[in-house]
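Below is the file coords.pdb, which contains PDB, C-alpha atoms.
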MODEL        1
ATOM      1  CA  MET A 873       0.000   0.000   0.000
ATOM      2  CA  LYS A 874       2.253   2.718  -1.260
ATOM      3  CA  GLU A 875       0.055   5.819  -0.943
ATOM      4  CA  LYS A 876      -0.284   7.545   2.423
ATOM      5  CA  GLY A 877      -3.664   6.912   4.024
ATOM      6  CA  ARG A 878      -4.481   4.040   1.710
ATOM      7  CA  ALA A 879      -4.186   1.415   4.459
ATOM      8  CA  MET A 880      -6.662   3.241   6.681
ATOM      9  CA  GLU A 881      -9.110   3.640   3.796
ATOM     10  CA  TRP A 882      -8.759  -0.054   2.869
ATOM     11  CA  PHE A 883      -9.223  -1.156   6.488
ATOM     12  CA  ARG A 884     -12.272   1.037   7.065
ATOM     13  CA  THR A 885     -13.935  -0.251   3.901
ATOM     14  CA  LYS A 886     -13.399  -3.890   4.931
ATOM     15  CA  HIS A 887     -14.329  -3.166   8.554
ATOM     16  CA  ASP A 888     -17.568  -1.376   7.613
ATOM     17  CA  GLU A 889     -18.594  -4.272   5.374
ATOM     18  CA  LEU A 890     -17.804  -6.815   8.099
ATOM     19  CA  ALA A 891     -19.598  -4.706  10.726
ATOM     20  CA  GLY A 892     -22.751  -4.608   8.593
ATOM     21  CA  THR A 893     -22.629  -8.379   8.167
ATOM     22  CA  ALA A 894     -22.025  -8.876  11.898
ATOM     23  CA  ARG A 895     -24.956  -6.603  12.853
ATOM     24  CA  THR A 896     -27.198  -8.595  10.528
ATOM     25  CA  ASN A 897     -26.031 -11.835  12.154
ATOM     26  CA  PHE A 898     -26.729 -10.423  15.603
ATOM     27  CA  ALA A 899     -30.201  -9.124  14.693
ATOM     28  CA  ALA A 900     -31.172 -12.406  13.033
ATOM     29  CA  HIS A 901     -29.506 -14.617  15.639
ATOM     30  CA  GLY A 902     -27.733 -16.008  12.580
ATOM     31  CA  LEU A 903     -24.998 -18.074  14.203
ATOM     32  CA  GLU A 904     -25.649 -21.619  15.291
ATOM     33  CA  PRO A 905     -23.825 -22.969  18.369
ATOM     34  CA  GLY A 906     -20.524 -24.596  17.487
ATOM     35  CA  ARG A 907     -20.156 -22.773  14.178
ATOM     36  CA  GLU A 908     -16.740 -21.315  13.362
ATOM     37  CA  ALA A 909     -16.814 -17.522  13.546
ATOM     38  CA  TYR A 910     -14.552 -14.486  13.844
ATOM     39  CA  HIS A 911     -15.069 -12.202  16.829
ATOM     40  CA  LEU A 912     -15.181  -8.620  15.579
ATOM     41  CA  GLY A 913     -15.419  -6.941  18.948
ATOM     42  CA  SER A 914     -18.147  -6.494  21.513
ATOM     43  CA  ILE A 915     -21.050  -8.790  20.649
ATOM     44  CA  TYR A 916     -20.443  -9.046  16.909
ATOM     45  CA  TYR A 917     -19.294 -12.082  14.957
ATOM     46  CA  ALA A 918     -18.919 -13.015  11.284
ATOM     47  CA  THR A 919     -18.938 -16.592  10.058
ATOM     48  CA  ALA A 920     -15.833 -18.008   8.405
ATOM     49  CA  GLU A 921     -17.683 -17.954   5.064
ATOM     50  CA  GLN A 922     -18.650 -14.294   5.496
ATOM     51  CA  MET A 923     -15.092 -13.360   6.467
ATOM     52  CA  GLU A 924     -13.706 -15.238   3.453
ATOM     53  CA  ALA A 925     -16.108 -13.400   1.134
ATOM     54  CA  ILE A 926     -15.005  -9.991   2.445
ATOM     55  CA  CYS A 927     -11.345 -10.682   3.335
ATOM     56  CA  PRO A 928     -10.161 -13.703   1.337
ATOM     57  CA  ALA A 929      -7.571 -15.920   3.021
ATOM     58  CA  GLY A 930      -4.041 -14.785   2.401
ATOM     59  CA  ILE A 931      -2.882 -11.195   2.256
ATOM     60  CA  ASP A 932      -6.353  -9.630   2.764
ATOM     61  CA  LEU A 933      -7.156 -11.629   5.884
ATOM     62  CA  ASP A 934      -3.615 -11.228   7.255
ATOM     63  CA  ARG A 935      -3.641  -7.482   6.643
ATOM     64  CA  TYR A 936      -7.107  -7.038   8.174
ATOM     65  CA  ALA A 937      -6.221  -9.041  11.301
ATOM     66  CA  THR A 938      -2.899  -7.234  11.715
ATOM     67  CA  LEU A 939      -4.521  -3.795  11.485
ATOM     68  CA  ALA A 940      -7.558  -4.758  13.580
ATOM     69  CA  ASN A 941      -5.325  -6.056  16.371
ATOM     70  CA  GLY A 942      -3.111  -2.970  16.289
ATOM     71  CA  ASN A 943       0.059  -4.961  15.565
ATOM     72  CA  VAL A 944       1.197  -2.280  13.108
ATOM     73  CA  GLY A 945       0.018   1.248  12.427
ATOM     74  CA  TYR A 946      -1.630   2.530   9.274
ATOM     75  CA  ASP A 947       1.405   4.668   8.436
ATOM     76  CA  GLU A 948       3.659   1.615   8.564
ATOM     77  CA  VAL A 949       1.353  -0.409   6.314
ATOM     78  CA  ASP A 950       1.087   2.439   3.799
ATOM     79  CA  GLY A 951       4.748   1.830   2.906
ATOM     80  CA  ILE A 952       4.365  -1.921   2.357
ATOM     81  CA  PRO A 953       3.889  -3.222  -1.202
ATOM     82  CA  ASP A 954       0.782  -5.261  -2.033
ATOM     83  CA  ASP A 955       2.772  -8.268  -3.264
ATOM     84  CA  GLY A 956       2.457 -10.187  -0.009
ATOM     85  CA  PHE A 957       6.220 -10.612   0.481
ATOM     86  CA  TYR A 958       6.197  -8.503   3.656
ATOM     87  CA  TRP A 959       3.384 -10.517   5.193
ATOM     88  CA  THR A 960       5.106 -13.824   4.373
ATOM     89  CA  SER A 961       8.449 -12.651   5.752
ATOM     90  CA  VAL A 962       6.859 -11.431   8.984
ATOM     91  CA  GLU A 963       5.134 -14.800   9.379
ATOM     92  CA  ASP A 964       8.433 -16.619   8.676
ATOM     93  CA  GLU A 965      10.315 -14.483  11.230
ATOM     94  CA  THR A 966       7.647 -15.089  13.859
ATOM     95  CA  SER A 967       7.492 -18.837  13.318
ATOM     96  CA  SER A 968      11.293 -19.196  13.258
ATOM     97  CA  SER A 969      11.592 -17.432  16.611
ATOM     98  CA  PHE A 970       9.797 -20.268  18.393
ATOM     99  CA  PRO A 971      11.840 -23.313  19.410
ATOM    100  CA  ALA A 972      11.134 -26.541  17.556
ATOM    101  CA  GLU A 973       9.176 -29.130  19.477
TER     102      GLU A 973
ENDMDL
END
Could you take the file, read its structure, and then write that structure out as structure tokens?
Amino acid sequence: MKEKGRAMEWFRTKHDELAGTARTNFAAHGLEPGREAYHLGSIYYATAEQMEAICPAGIDLDRYATLANGNVGYDEVDGIPDDGFYWTSVEDETSSSFPAE
């Protein structure tokens, strides 16, 4: 995301879409017990299928989770290319820092 402010705009777009889906789930009591879901804060959840439709697995889901959890700031993400290399290298560094079992 090379342009300044682009990460925040991207995140807010995804977050607003997920929030609308989560509010609909809450109003309709749309989650069955035992179903896999993502907790989006407070009382809101999105199913794995809904999350996949909005933030496909891979770079979109990784980027959304990283920004939502506050692991990096928007300004930092604005300087990261969209090719996914950064996200893979961060994952590799994290996993290599844990001792093998």
For region 907-918 of chain A, please output as an mmCIF file with C-alpha atoms, keeping the file's coordinate frame all residues within 9 Å (counting all atoms listed in the file; exclusion window: fewer than 4 positions along the same chain).
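Printed below is out_25.cif as written:
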data_model
loop_
_atom_site.group_PDB
_atom_site.id
_atom_site.type_symbol
_atom_site.label_atom_id
_atom_site.label_comp_id
_atom_site.auth_asym_id
_atom_site.auth_seq_id
_atom_site.Cartn_x
_atom_site.Cartn_y
_atom_site.Cartn_z
ATOM 1 C CA HIS A 887 -14.329 -3.166 8.554
ATOM 2 C CA LEU A 890 -17.804 -6.815 8.099
ATOM 3 C CA ALA A 891 -19.598 -4.706 10.726
ATOM 4 C CA THR A 893 -22.629 -8.379 8.167
ATOM 5 C CA ALA A 894 -22.025 -8.876 11.898
ATOM 6 C CA ARG A 895 -24.956 -6.603 12.853
ATOM 7 C CA ASN A 897 -26.031 -11.835 12.154
ATOM 8 C CA PHE A 898 -26.729 -10.423 15.603
ATOM 9 C CA LEU A 903 -24.998 -18.074 14.203
ATOM 10 C CA GLN A 922 -18.650 -14.294 5.496
ATOM 11 C CA MET A 923 -15.092 -13.360 6.467
ATOM 12 C CA ALA A 940 -7.558 -4.758 13.580
#
Check your understanding: Quick one: of A:Glu889, A:Glu904, A:Glu924, A:Asp934, who's nearest to Val949 (chain A), counting all atoms listed in the file?
Key -> A:Asp934
Exercise for review: Kindly provide, as a PyMOL selection string, the polymer residues lying within 7 Å of (-3.7, 1.3, 7.2), counting only C-alpha atoms and using the coordinates exactly as they appear in the file.
Suggested key: chain A and resi 877-883+939+945-947+949-950
**Study point:** Distance of CA of Ala929 (chain A) from CA of Thr896 (chain A), expressed in Å to one decimal place
**Key:** 22.3 Å
Check your understanding: How far is it from CA of Glu921 (chain A) to CA of Ile952 (chain A), in Å with one decimal?
Key ->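 Separating CA of Glu921 (chain A) from CA of Ile952 (chain A) is a distance of 27.4 Å.
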Review point. Could you state the separation of CA of Gly906 (chain A) and CA of Asp932 (chain A) in Å, given to one decimal place?
Key: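 Rounded to one decimal, the two atoms are 25.3 Å apart.
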